[in-house]
file my_file16.txt (compact mmCIF, C-alpha atoms and all ligand atoms)
# COMPACT_ATOMS: atom_id res chain seq x y z
CA MET E 251 -31.52 -54.60 16.25
CA PRO E 252 -34.41 -54.70 13.76
CA HIS E 253 -33.98 -52.27 10.89
CA HIS E 254 -37.25 -50.39 11.36
CA VAL E 255 -36.32 -48.97 14.76
CA LYS E 256 -33.15 -47.26 13.55
CA ASN E 257 -33.07 -43.51 13.34
CA VAL E 258 -31.70 -43.07 9.89
CA ILE E 259 -30.15 -39.90 8.51
CA ARG E 260 -27.89 -39.20 5.56
CA ASN E 261 -24.48 -37.61 5.72
CA ASP E 262 -22.86 -35.34 3.13
CA ASP E 263 -22.03 -38.24 0.80
CA ASN E 264 -25.67 -39.29 0.96
CA LYS E 265 -24.68 -42.47 2.78
CA THR E 266 -27.13 -43.78 5.31
CA ILE E 267 -25.83 -43.54 8.85
CA MET E 268 -27.36 -44.04 12.26
CA SER E 269 -28.55 -40.95 14.09
CA TYR E 270 -28.58 -40.83 17.83
CA LYS E 271 -30.89 -37.82 17.95
CA ILE E 272 -34.60 -38.15 18.55
CA ASN E 273 -36.94 -39.04 15.67
CA GLU E 274 -40.23 -37.33 14.78
CA LYS E 275 -42.26 -39.67 16.95
CA GLY E 276 -40.20 -38.96 20.04
CA TYR E 277 -38.07 -42.09 20.02
CA TYR E 278 -34.37 -42.75 20.31
CA GLY E 279 -34.29 -46.09 18.50
CA GLU E 280 -36.77 -48.20 20.42
CA PHE E 281 -36.79 -46.00 23.54
CA GLY E 282 -38.78 -42.92 24.49
CA GLY E 283 -42.32 -42.06 23.41
CA ALA E 284 -45.10 -40.74 25.63
CA TYR E 285 -46.82 -43.40 27.74
CA ILE E 286 -49.20 -41.24 29.71
CA PRO E 287 -52.70 -41.42 31.12
CA GLU E 288 -55.33 -39.91 28.82
CA MET E 289 -55.98 -37.17 31.38
CA LEU E 290 -52.44 -35.90 30.91
CA TYR E 291 -52.56 -35.92 27.13
CA PRO E 292 -53.68 -32.27 26.62
CA ASN E 293 -50.79 -30.90 28.72
CA VAL E 294 -48.09 -32.98 27.08
CA GLU E 295 -49.55 -32.44 23.61
CA GLU E 296 -49.62 -28.65 24.08
CA LEU E 297 -45.94 -28.74 24.98
CA ARG E 298 -45.06 -31.13 22.14
CA GLN E 299 -46.76 -28.95 19.55
CA ASN E 300 -45.07 -25.78 20.71
CA TYR E 301 -41.63 -26.47 22.17
CA LEU E 302 -39.57 -26.51 18.97
CA LYS E 303 -41.34 -23.44 17.60
CA ILE E 304 -40.77 -21.52 20.83
CA MET E 305 -37.13 -22.58 21.15
CA ALA E 306 -36.51 -21.39 17.60
CA GLU E 307 -37.91 -17.88 18.26
CA PRO E 308 -35.11 -15.29 18.19
CA SER E 309 -36.53 -13.57 21.28
CA PHE E 310 -36.52 -16.85 23.19
CA LYS E 311 -32.94 -17.63 22.24
CA GLU E 312 -31.88 -14.11 23.16
CA GLU E 313 -33.50 -14.21 26.60
CA PHE E 314 -32.20 -17.74 27.30
CA ASN E 315 -28.64 -16.88 26.30
CA GLN E 316 -28.69 -13.60 28.20
CA LEU E 317 -29.74 -15.34 31.42
CA LEU E 318 -27.20 -18.12 30.93
CA LYS E 319 -24.53 -15.44 30.64
CA ASP E 320 -25.52 -12.88 33.26
CA TYR E 321 -27.40 -15.03 35.79
CA VAL E 322 -25.86 -18.50 35.55
CA GLY E 323 -22.38 -17.21 34.75
CA ARG E 324 -21.80 -19.00 31.45
CA PRO E 325 -19.74 -19.97 29.62
CA SER E 326 -18.48 -22.32 32.30
CA PRO E 327 -14.71 -22.79 32.01
CA LEU E 328 -13.13 -25.77 30.29
CA TYR E 329 -10.25 -26.38 32.65
CA PHE E 330 -7.12 -28.38 31.79
CA ALA E 331 -6.49 -30.47 34.91
CA LYS E 332 -2.71 -30.66 34.84
CA ARG E 333 -1.97 -32.76 37.89
CA LEU E 334 -4.85 -35.16 37.25
CA SER E 335 -3.60 -35.51 33.66
CA GLU E 336 -0.08 -36.30 34.88
CA LYS E 337 -1.37 -38.89 37.31
CA TYR E 338 -3.32 -40.79 34.64
CA ASN E 339 -0.94 -40.05 31.75
CA THR E 340 -3.58 -38.54 29.46
CA LYS E 341 -5.03 -35.07 28.75
CA VAL E 342 -7.96 -34.36 31.06
CA TYR E 343 -10.23 -31.36 30.75
CA LEU E 344 -13.00 -30.61 33.25
CA LYS E 345 -16.17 -28.88 32.09
CA ARG E 346 -16.90 -26.73 35.13
CA GLU E 347 -20.68 -26.89 35.56
CA ASP E 348 -19.91 -26.76 39.28
CA LEU E 349 -19.24 -23.04 38.88
CA ASN E 350 -22.79 -22.28 37.70
CA HIS E 351 -25.14 -20.30 39.93
CA THR E 352 -26.76 -22.78 42.38
CA GLY E 353 -23.80 -25.12 41.95
CA ALA E 354 -24.68 -27.55 39.16
CA HIS E 355 -25.89 -28.01 35.59
CA LYS E 356 -29.57 -28.24 36.62
CA ILE E 357 -30.07 -24.47 36.33
CA ASN E 358 -29.51 -24.59 32.52
CA ASN E 359 -32.67 -26.66 32.21
CA THR E 360 -34.84 -24.78 34.70
CA ILE E 361 -34.02 -21.44 33.04
CA GLY E 362 -35.04 -22.89 29.68
CA GLN E 363 -38.25 -24.37 31.03
CA ILE E 364 -39.37 -21.28 32.95
CA LEU E 365 -39.03 -19.22 29.76
CA MET E 366 -40.97 -21.94 27.92
CA ALA E 367 -43.71 -21.85 30.59
CA LYS E 368 -44.02 -18.07 30.31
CA ARG E 369 -44.46 -18.26 26.55
CA LEU E 370 -47.11 -20.97 26.98
CA GLY E 371 -49.00 -18.55 29.23
CA LYS E 372 -48.49 -20.56 32.44
CA ASN E 373 -48.40 -18.79 35.79
CA ARG E 374 -47.80 -21.73 38.11
CA ILE E 375 -44.89 -24.20 38.23
CA ILE E 376 -44.76 -27.65 39.77
CA ALA E 377 -41.74 -29.90 40.14
CA GLU E 378 -40.67 -33.11 41.84
CA THR E 379 -37.43 -33.43 43.72
CA GLY E 380 -35.50 -36.21 45.44
CA ALA E 381 -32.45 -34.76 47.14
CA GLY E 382 -33.76 -31.25 46.58
CA GLN E 383 -31.25 -30.08 43.95
CA HIS E 384 -33.83 -29.85 41.16
CA GLY E 385 -36.32 -28.34 43.61
CA VAL E 386 -33.84 -25.60 44.47
CA ALA E 387 -33.01 -24.96 40.79
CA THR E 388 -36.76 -24.69 40.06
CA ALA E 389 -37.54 -22.48 43.08
CA THR E 390 -34.64 -20.25 41.99
CA VAL E 391 -36.01 -19.55 38.51
CA CYS E 392 -39.52 -19.05 39.93
CA ALA E 393 -38.15 -16.38 42.27
CA LEU E 394 -36.28 -14.89 39.32
CA THR E 395 -39.48 -14.58 37.28
CA GLY E 396 -42.03 -14.07 40.07
CA ILE E 397 -43.98 -17.25 39.28
CA GLU E 398 -45.74 -19.41 41.87
CA CYS E 399 -43.83 -22.62 42.68
CA VAL E 400 -44.95 -25.90 44.25
CA VAL E 401 -42.36 -28.65 44.81
CA TYR E 402 -43.37 -32.22 45.66
CA MET E 403 -40.90 -34.11 47.79
CA GLY E 404 -41.12 -37.45 49.59
CA GLU E 405 -41.66 -37.15 53.33
CA ILE E 406 -38.52 -39.20 53.98
CA ASP E 407 -36.45 -36.98 51.67
CA ILE E 408 -37.77 -33.84 53.38
CA ALA E 409 -36.38 -35.16 56.66
CA ARG E 410 -33.05 -36.18 55.05
CA GLN E 411 -32.47 -32.98 53.07
CA ALA E 412 -33.30 -30.19 55.50
CA PRO E 413 -30.90 -27.55 54.06
CA ASN E 414 -32.41 -27.82 50.57
CA VAL E 415 -35.94 -27.69 51.99
CA ALA E 416 -34.97 -24.49 53.79
CA ARG E 417 -33.50 -23.07 50.57
CA MET E 418 -36.67 -23.77 48.62
CA LYS E 419 -38.83 -22.17 51.31
CA MET E 420 -36.58 -19.13 51.48
CA LEU E 421 -36.90 -18.81 47.71
CA GLY E 422 -40.67 -18.67 48.15
CA ALA E 423 -41.61 -22.19 47.03
CA LYS E 424 -44.24 -24.33 48.73
CA VAL E 425 -42.80 -27.76 49.57
CA VAL E 426 -45.51 -30.43 49.66
CA PRO E 427 -44.67 -33.80 51.26
CA ALA E 428 -45.52 -36.98 49.34
CA LEU E 429 -46.93 -39.33 51.94
CA SER E 430 -47.63 -42.43 49.85
CA GLY E 431 -45.50 -45.48 48.98
CA SER E 432 -41.86 -45.34 50.00
CA ARG E 433 -42.25 -41.55 50.47
CA THR E 434 -39.28 -40.81 48.18
CA LEU E 435 -38.69 -39.50 44.64
CA LYS E 436 -41.03 -41.76 42.69
CA ASP E 437 -43.90 -40.93 45.05
CA ALA E 438 -43.16 -37.21 44.70
CA THR E 439 -43.28 -37.68 40.92
CA ASN E 440 -46.69 -39.36 41.18
CA GLU E 441 -47.99 -36.41 43.24
CA ALA E 442 -46.66 -33.91 40.71
CA ILE E 443 -48.36 -35.78 37.85
CA ARG E 444 -51.63 -35.83 39.81
CA ASP E 445 -51.37 -32.08 40.36
CA TRP E 446 -50.74 -31.49 36.65
CA ILE E 447 -53.79 -33.53 35.65
CA ASN E 448 -55.88 -31.35 37.97
CA ASN E 449 -54.37 -28.09 36.72
CA PRO E 450 -53.97 -28.49 32.95
CA ILE E 451 -54.48 -24.84 31.97
CA ASP E 452 -52.31 -22.63 34.16
CA THR E 453 -49.55 -25.02 35.28
CA HIS E 454 -46.26 -26.18 33.73
CA TYR E 455 -44.42 -29.20 35.13
CA ILE E 456 -40.64 -28.70 35.14
CA ILE E 457 -39.04 -32.15 34.93
CA GLY E 458 -35.45 -32.14 36.16
CA SER E 459 -33.67 -34.68 33.97
CA ALA E 460 -33.66 -36.10 30.44
CA ILE E 461 -36.59 -38.35 31.33
CA GLY E 462 -40.39 -38.26 31.18
CA PRO E 463 -42.77 -38.41 28.21
CA HIS E 464 -41.76 -36.93 24.85
CA PRO E 465 -40.95 -34.04 24.39
CA TYR E 466 -39.25 -33.72 27.81
CA PRO E 467 -36.12 -35.79 27.14
CA ASP E 468 -35.44 -33.86 23.95
CA MET E 469 -36.32 -30.46 25.40
CA VAL E 470 -34.13 -30.98 28.47
CA THR E 471 -31.29 -32.29 26.29
CA GLN E 472 -31.47 -29.23 24.06
CA PHE E 473 -31.35 -26.85 27.03
CA GLN E 474 -28.39 -28.74 28.44
CA SER E 475 -26.64 -28.98 25.07
CA ILE E 476 -25.10 -25.59 25.77
CA ILE E 477 -22.48 -27.74 27.57
CA SER E 478 -21.22 -29.52 24.44
CA GLU E 479 -21.68 -26.39 22.33
CA GLU E 480 -19.23 -24.58 24.59
CA ILE E 481 -16.84 -27.56 24.79
CA LYS E 482 -16.46 -27.42 21.00
CA TRP E 483 -15.24 -23.83 20.75
CA GLN E 484 -13.33 -23.98 24.01
CA LEU E 485 -11.42 -27.07 22.87
CA LYS E 486 -10.75 -25.43 19.51
CA GLU E 487 -9.07 -22.57 21.39
CA LYS E 488 -7.02 -24.87 23.61
CA GLU E 489 -6.25 -27.89 21.42
CA GLY E 490 -6.82 -26.53 17.92
CA LYS E 491 -9.62 -29.03 17.30
CA GLU E 492 -13.27 -29.10 18.23
CA ASN E 493 -13.63 -32.78 19.03
CA PRO E 494 -12.15 -34.56 22.03
CA ASP E 495 -11.38 -38.28 21.91
CA TYR E 496 -13.81 -38.95 24.75
CA VAL E 497 -16.57 -37.20 26.66
CA VAL E 498 -17.36 -38.61 30.10
CA ALA E 499 -20.35 -37.95 32.38
CA CYS E 500 -22.18 -39.48 35.31
CA ILE E 501 -25.76 -40.62 34.75
CA GLY E 502 -28.71 -40.32 37.09
CA GLY E 503 -31.62 -39.62 34.76
CA GLY E 504 -29.01 -38.42 32.31
CA SER E 505 -29.34 -34.65 31.75
CA ASN E 506 -25.75 -33.52 32.33
CA ALA E 507 -24.62 -36.48 30.23
CA ALA E 508 -27.09 -35.71 27.43
CA GLY E 509 -25.91 -32.09 27.34
CA THR E 510 -22.25 -33.12 27.35
CA TYR E 511 -22.70 -35.64 24.53
CA HIS E 512 -25.21 -33.81 22.33
CA HIS E 513 -23.01 -32.15 19.71
CA PHE E 514 -20.74 -35.20 19.51
CA LEU E 515 -23.37 -37.93 19.17
CA ASP E 516 -23.30 -38.28 15.42
CA ASN E 517 -19.50 -38.03 15.24
CA GLU E 518 -18.31 -41.57 15.85
CA ASP E 519 -14.71 -40.39 16.32
CA VAL E 520 -15.74 -39.06 19.72
CA GLY E 521 -16.09 -41.80 22.33
CA ILE E 522 -19.13 -41.47 24.58
CA ILE E 523 -18.59 -42.69 28.14
CA ALA E 524 -21.28 -42.99 30.80
CA VAL E 525 -20.67 -43.77 34.46
CA GLU E 526 -23.54 -45.03 36.57
CA ALA E 527 -23.70 -45.58 40.31
CA ALA E 528 -22.88 -49.13 41.36
CA GLY E 529 -23.65 -48.35 45.01
CA LYS E 530 -22.27 -51.12 47.17
CA GLY E 531 -21.54 -53.24 44.05
CA ILE E 532 -23.48 -53.94 40.86
CA HIS E 533 -24.88 -57.23 42.13
CA SER E 534 -25.12 -56.29 45.82
CA GLY E 535 -28.82 -55.52 45.62
CA GLU E 536 -27.93 -51.95 46.60
CA SER E 537 -27.09 -50.19 43.37
CA ALA E 538 -28.35 -47.82 40.68
CA ALA E 539 -26.49 -49.35 37.71
CA THR E 540 -29.60 -49.09 35.60
CA SER E 541 -28.32 -49.98 32.15
CA VAL E 542 -26.57 -53.14 33.23
CA LEU E 543 -29.28 -54.31 35.61
CA GLY E 544 -32.30 -52.78 33.90
CA LYS E 545 -34.86 -54.24 31.58
CA GLU E 546 -37.11 -52.42 29.17
CA GLY E 547 -40.17 -50.94 30.82
CA ILE E 548 -42.18 -47.77 31.34
CA ILE E 549 -41.21 -45.21 33.96
CA HIS E 550 -42.47 -41.64 34.28
CA GLY E 551 -44.10 -41.77 30.87
CA CYS E 552 -41.34 -43.17 28.69
CA LYS E 553 -40.08 -46.53 27.51
CA THR E 554 -36.54 -47.06 28.74
CA LEU E 555 -34.27 -49.34 30.74
CA LEU E 556 -35.18 -49.54 34.39
CA MET E 557 -34.52 -51.70 37.39
CA GLN E 558 -37.55 -53.86 38.06
CA THR E 559 -38.65 -57.16 39.55
CA ASN E 560 -39.71 -60.05 37.30
CA ASP E 561 -43.32 -58.91 37.53
CA GLY E 562 -42.42 -55.34 36.57
CA GLN E 563 -42.41 -53.56 39.94
CA ILE E 564 -39.80 -50.82 40.09
CA THR E 565 -36.87 -51.74 42.35
CA GLU E 566 -35.69 -49.20 44.94
CA PRO E 567 -32.30 -47.95 43.78
CA TYR E 568 -29.39 -47.15 46.06
CA SER E 569 -26.37 -44.86 45.74
CA ILE E 570 -24.41 -42.77 48.21
CA SER E 571 -25.08 -39.94 45.78
CA ALA E 572 -28.65 -38.65 45.93
CA GLY E 573 -28.60 -37.37 42.35
CA LEU E 574 -27.81 -40.80 40.91
CA ASP E 575 -30.27 -42.66 43.09
CA TYR E 576 -32.83 -43.19 40.31
CA PRO E 577 -34.16 -46.54 39.04
CA GLY E 578 -34.15 -45.62 35.33
CA VAL E 579 -32.09 -43.76 32.73
CA GLY E 580 -33.37 -41.40 30.07
CA PRO E 581 -34.30 -42.98 26.72
CA LEU E 582 -31.30 -41.47 24.91
CA HIS E 583 -28.97 -43.36 27.21
CA SER E 584 -30.85 -46.65 26.84
CA HIS E 585 -30.37 -46.19 23.09
CA LEU E 586 -26.66 -45.42 23.43
CA TYR E 587 -26.29 -48.50 25.61
CA LYS E 588 -28.29 -50.82 23.36
CA THR E 589 -26.55 -49.72 20.15
CA GLY E 590 -23.09 -49.77 21.68
CA ARG E 591 -22.54 -46.09 20.79
CA GLY E 592 -21.89 -45.39 24.47
CA GLU E 593 -19.43 -47.24 26.70
CA PHE E 594 -21.12 -47.79 30.05
CA TYR E 595 -19.28 -48.22 33.33
CA SER E 596 -20.40 -48.11 36.91
CA ALA E 597 -18.53 -46.86 39.95
CA THR E 598 -19.14 -47.99 43.52
CA ASP E 599 -19.65 -45.62 46.43
CA ASP E 600 -16.06 -46.28 47.52
CA GLU E 601 -14.57 -45.63 44.08
CA ALA E 602 -16.54 -42.40 43.74
CA MET E 603 -15.66 -41.09 47.20
CA ASN E 604 -11.96 -41.77 46.66
CA SER E 605 -12.05 -40.14 43.23
CA GLY E 606 -13.73 -37.08 44.77
CA LEU E 607 -11.00 -36.82 47.40
CA GLU E 608 -8.34 -37.32 44.75
CA LEU E 609 -9.64 -34.43 42.63
CA THR E 610 -9.81 -32.25 45.72
CA GLN E 611 -6.18 -32.92 46.59
CA LEU E 612 -4.78 -32.83 43.04
CA GLU E 613 -6.67 -29.83 41.71
CA GLY E 614 -8.23 -28.00 44.68
CA ILE E 615 -11.77 -28.68 43.47
CA ILE E 616 -14.32 -30.42 45.72
CA PRO E 617 -16.77 -32.14 43.36
CA ALA E 618 -20.37 -33.20 43.96
CA ILE E 619 -20.47 -36.93 44.73
CA GLU E 620 -22.42 -37.43 41.49
CA SER E 621 -19.53 -35.91 39.52
CA SER E 622 -17.06 -38.03 41.51
CA HIS E 623 -18.60 -41.05 39.79
CA ALA E 624 -17.56 -39.65 36.40
CA LEU E 625 -14.04 -39.07 37.77
CA ALA E 626 -13.92 -42.74 38.83
CA ILE E 627 -13.61 -43.63 35.11
CA PHE E 628 -9.84 -43.73 35.69
CA LYS E 629 -10.35 -46.76 37.94
CA HIS E 630 -11.99 -48.60 35.02
CA LYS E 631 -10.36 -47.44 31.80
CA THR E 632 -6.85 -46.53 30.71
CA PHE E 633 -6.52 -43.74 28.15
CA LYS E 634 -3.65 -43.08 25.74
CA PRO E 635 -1.20 -40.25 26.53
CA ASN E 636 -2.45 -38.11 23.65
CA ASP E 637 -6.15 -38.73 24.23
CA VAL E 638 -8.17 -35.63 25.03
CA VAL E 639 -10.71 -36.63 27.67
CA VAL E 640 -13.41 -34.12 28.66
CA ILE E 641 -15.19 -34.90 31.93
CA SER E 642 -18.42 -33.17 32.93
CA LEU E 643 -17.97 -31.84 36.44
CA SER E 644 -21.72 -31.61 36.91
CA GLY E 645 -21.75 -29.97 40.34
CA ARG E 646 -19.83 -28.75 43.36
CA GLY E 647 -19.38 -30.64 46.58
CA ASP E 648 -20.60 -28.09 49.13
CA LYS E 649 -23.92 -29.92 49.45
CA ASP E 650 -22.05 -33.19 50.10
CA LEU E 651 -19.64 -31.99 52.74
CA GLN E 652 -21.33 -33.92 55.55
CA ASN E 653 -21.17 -37.10 53.45
CA TYR E 654 -17.46 -36.62 52.79
CA ILE E 655 -16.87 -35.86 56.48
CA ASP E 656 -18.67 -39.02 57.59
CA TYR E 657 -17.02 -41.21 54.97
CA PHE E 658 -13.43 -40.06 55.53
CA LYS E 659 -13.93 -39.37 59.26
CA LEU E 660 -12.57 -35.85 58.72
C1 LIG P 701 -28.96 -34.09 39.80
C2 LIG P 701 -27.51 -34.21 39.59
C3 LIG P 701 -26.96 -35.21 38.75
C4 LIG P 701 -27.78 -36.28 38.11
O1 LIG P 701 -28.73 -35.84 37.20
P1 LIG P 701 -28.56 -36.04 35.63
O2 LIG P 701 -29.89 -35.67 35.10
O3 LIG P 701 -28.21 -37.47 35.40
O4 LIG P 701 -27.49 -35.14 35.18
C5 LIG P 701 -25.58 -35.21 38.54
N1 LIG P 701 -24.78 -34.31 39.13
C6 LIG P 701 -25.27 -33.36 39.94
C7 LIG P 701 -24.30 -32.40 40.57
C8 LIG P 701 -26.63 -33.27 40.20
O5 LIG P 701 -27.10 -32.31 41.02
call {"tool": "encode", "arguments": {"input": "my_file16.txt", "output": "structure tokens", "more": "lines below"}}
Ligand SMILES: *Cc1c(COP(=O)(O)O)cnc(C)c1O
result
Amino acid sequence: MPHHVKNVIRNDDNKTIMSYKINEKGYYGEFGGAYIPEMLYPNVEELRQNYLKIMAEPSFKEEFNQLLKDYVGRPSPLYFAKRLSEKYNTKVYLKREDLNHTGAHKINNTIGQILMAKRLGKNRIIAETGAGQHGVATATVCALTGIECVVYMGEIDIARQAPNVARMKMLGAKVVPALSGSRTLKDATNEAIRDWINNPIDTHYIIGSAIGPHPYPDMVTQFQSIISEEIKWQLKEKEGKENPDYVVACIGGGSNAAGTYHHFLDNEDVGIIAVEAAGKGIHSGESAATSVLGKEGIIHGCKTLLMQTNDGQITEPYSISAGLDYPGVGPLHSHLYKTGRGEFYSATDDEAMNSGLELTQLEGIIPAIESSHALAIFKHKTFKPNDVVVISLSGRGDKDLQNYIDYFKL
């Protein structure tokens, strides 16, 4: 890697070390930035100039933390999974984001962004959604704050995800079908961007993962970093030390992973493990193993690794898990992959489904299929008996029950 793209910081001994946090220009190494149409510049620039200032305000922090506690139900438990640990002969802890209000980690980010929007004087929210999980998390915080909410969703996804569409409507959101292209997530994203260009003054766009133009990946990561902040003190209570040997998370766009890694990134003693969706097999043509298969390109306003054809057209991803069915990864993760700081694995549909069933029967916890991919790490890596391995259980499996039923013929 050429020297000039490194993010360089100094540690206590004034030695130069690599930083995995974002630099002033909005890059993680060579990835990130803001590649946006000129028409979108004022919106993104307004956010960029204000987000750090707003997040540092005591009143912002207070309101954010209060809602995380009383509304989301944080801190989420760090649970020692005894039987799973015995089975794999290592010490496994699960970070229980599945116990959050609305059933996953996504609410941490939407709470943060709705408070940000209020302070920027916005009274209208737009969002894109694929499977509907981010749409529901966004509609939820709009109901909570009484702010107008418009969610763009591909026409095909609307048909596939009826319960989440009903939830969003019940929460008062307007769900607008994206009718162009493949009528899925990327088309919904295009519609949301078009809306934002047309409504630059009163509207905030809540992006649902650690993706998009700078400052989104950093802002989303910071809102989600409550996950690793809690892991540190919870592990101190349970193991007498703040740092695990490994943190493990599944990666769609990469927000639960970014939050799980954040406070450990610059501590090289903590191994960073990412699990992507291999679908029907990495080289089957039906996969979402973005880091392995991806090449550098621009998606949703940032430079990152994405799955594309030789002439740069984005390839349709595939995974049994809707939340991992995304053709790119956030720029932080491209950087972790490229520098070797992160170990990247990918789990097939079959491995994930079986790992989900295994957790259910060993621990009495039905995980989201996304999270089941992280649990499939045990099919790819053997840990030492004394290793402390913290796995992000990003969401609960209620939404996936029909998938589990069909797969296991229950
Ligand atoms: C959306 C979702 C994911 C994937 O999104 P990231 O931004 O990669 O975290 C993972 N798990 C669950 C439960 C989700 O709902």
call {"tool": "closest_atom_pairs", "arguments": {"input": "my_file16.txt", "of": "chain E", "to": "ligand LIG 701 (chain P)", "cutoff": "7 Å", "atoms": "all atoms listed in the file", "output": "JSON lines"}}
result
{"residue": "E:Ala354", "atom": "CA", "partner": "P:LIG701", "partner_atom": "C7", "distance": 5.1}
{"residue": "E:His355", "atom": "CA", "partner": "P:LIG701", "partner_atom": "C7", "distance": 6.8}
{"residue": "E:Lys356", "atom": "CA", "partner": "P:LIG701", "partner_atom": "O5", "distance": 6.5}
{"residue": "E:Gln383", "atom": "CA", "partner": "P:LIG701", "partner_atom": "O5", "distance": 5.5}
{"residue": "E:His384", "atom": "CA", "partner": "P:LIG701", "partner_atom": "C1", "distance": 6.6}
{"residue": "E:Gly458", "atom": "CA", "partner": "P:LIG701", "partner_atom": "O2", "distance": 6.7}
{"residue": "E:Ser459", "atom": "CA", "partner": "P:LIG701", "partner_atom": "O2", "distance": 4.1}
{"residue": "E:Ala460", "atom": "CA", "partner": "P:LIG701", "partner_atom": "O2", "distance": 6.0}
{"residue": "E:Cys500", "atom": "CA", "partner": "P:LIG701", "partner_atom": "C5", "distance": 6.3}
{"residue": "E:Ile501", "atom": "CA", "partner": "P:LIG701", "partner_atom": "O3", "distance": 4.0}
{"residue": "E:Gly502", "atom": "CA", "partner": "P:LIG701", "partner_atom": "O3", "distance": 3.4}
{"residue": "E:Gly503", "atom": "CA", "partner": "P:LIG701", "partner_atom": "O3", "distance": 4.1}
{"residue": "E:Gly504", "atom": "CA", "partner": "P:LIG701", "partner_atom": "O3", "distance": 3.3}
{"residue": "E:Ser505", "atom": "CA", "partner": "P:LIG701", "partner_atom": "O2", "distance": 3.5}
{"residue": "E:Asn506", "atom": "CA", "partner": "P:LIG701", "partner_atom": "O4", "distance": 3.7}
{"residue": "E:Ala507", "atom": "CA", "partner": "P:LIG701", "partner_atom": "O4", "distance": 5.9}
{"residue": "E:Gly573", "atom": "CA", "partner": "P:LIG701", "partner_atom": "C1", "distance": 4.2}
{"residue": "E:Leu574", "atom": "CA", "partner": "P:LIG701", "partner_atom": "C4", "distance": 5.3}
{"residue": "E:Ala618", "atom": "CA", "partner": "P:LIG701", "partner_atom": "C7", "distance": 5.3}
{"residue": "E:Glu620", "atom": "CA", "partner": "P:LIG701", "partner_atom": "N1", "distance": 4.6}
{"residue": "E:Ser621", "atom": "CA", "partner": "P:LIG701", "partner_atom": "N1", "distance": 5.5}
{"residue": "E:Ser644", "atom": "CA", "partner": "P:LIG701", "partner_atom": "C7", "distance": 4.5}
{"residue": "E:Gly645", "atom": "CA", "partner": "P:LIG701", "partner_atom": "C7", "distance": 3.5}
{"residue": "E:Arg646", "atom": "CA", "partner": "P:LIG701", "partner_atom": "C7", "distance": 6.4}
call {"tool": "residues_around", "arguments": {"input": "my_file16.txt", "residues": "region 518-520 of chain E", "least_positions_apart": "4", "cutoff": "9 Å", "atoms": "all atoms listed in the file", "output": "PyMOL selection string"}}
result
chain E and resi 493-497+514+591
call {"tool": "write_last_selection", "arguments": {"input": "my_file16.txt", "atoms": "C-alpha atoms", "output": "PDB file, in the coordinates of the input"}}
result
ATOM      1  CA  ASN E 493     -13.630 -32.780  19.030  1.00  0.00           C
ATOM      2  CA  PRO E 494     -12.150 -34.560  22.030  1.00  0.00           C
ATOM      3  CA  ASP E 495     -11.380 -38.280  21.910  1.00  0.00           C
ATOM      4  CA  TYR E 496     -13.810 -38.950  24.750  1.00  0.00           C
ATOM      5  CA  VAL E 497     -16.570 -37.200  26.660  1.00  0.00           C
ATOM      6  CA  PHE E 514     -20.740 -35.200  19.510  1.00  0.00           C
ATOM      7  CA  ARG E 591     -22.540 -46.090  20.790  1.00  0.00           C
TER       8      ARG E 591
END
call {"tool": "residues_around", "arguments": {"input": "my_file16.txt", "residues": "Thr434 (chain E)", "least_positions_apart": "2", "cutoff": "12 Å", "atoms": "only C-alpha atoms", "output": "ChimeraX atom specification"}}
result
/E:378-382,402-411,427-432,436-441,566-568,572,575-577
call {"tool": "residues_near_point", "arguments": {"input": "my_file16.txt", "point": "(-46.8, -35.6, 31.1)", "cutoff": "6 Å", "atoms": "all atoms listed in the file", "output": "PyMOL selection string"}}
result
chain E and resi 290+294+463
call {"tool": "closest_residue", "arguments": {"input": "my_file16.txt", "among": "E:Ser622, E:Asn300, E:Asn604, E:Asn560", "to": "Asp348 (chain E)", "atoms": "all atoms listed in the file"}}
result
E:Ser622
call {"tool": "closest_residue", "arguments": {"input": "my_file16.txt", "among": "E:Ala499, E:Val579, E:His513, E:Thr559", "to": "Val639 (chain E)", "atoms": "only C-alpha atoms"}}
result
E:Ala499
call {"tool": "closest_residue", "arguments": {"input": "my_file16.txt", "among": "E:Val400, E:Arg433, E:Leu334, E:Met305", "to": "Thr610 (chain E)", "atoms": "all atoms listed in the file"}}
result
E:Leu334
call {"tool": "residues_around", "arguments": {"input": "my_file16.txt", "residues": "Ile570 (chain E)", "least_positions_apart": "5", "cutoff": "10 Å", "atoms": "all atoms listed in the file", "output": "compact mmCIF listing (two decimals) with C-alpha atoms, keeping the file's coordinate frame"}}
result
# COMPACT_ATOMS: atom_id res chain seq x y z
CA ALA E 527 -23.70 -45.58 40.31
CA ALA E 528 -22.88 -49.13 41.36
CA GLY E 529 -23.65 -48.35 45.01
CA LYS E 530 -22.27 -51.12 47.17
CA GLU E 536 -27.93 -51.95 46.60
CA SER E 537 -27.09 -50.19 43.37
CA ALA E 538 -28.35 -47.82 40.68
CA ASP E 575 -30.27 -42.66 43.09
CA THR E 598 -19.14 -47.99 43.52
CA ASP E 599 -19.65 -45.62 46.43
CA ASP E 600 -16.06 -46.28 47.52
CA ALA E 602 -16.54 -42.40 43.74
CA MET E 603 -15.66 -41.09 47.20
CA ILE E 619 -20.47 -36.93 44.73
CA GLU E 620 -22.42 -37.43 41.49
CA ASN E 653 -21.17 -37.10 53.45
call {"tool": "atom_distance", "arguments": {"input": "my_file16.txt", "atom1": "CA of Asp320 (chain E)", "atom2": "CA of Trp483 (chain E)"}}
result
19.5 Å
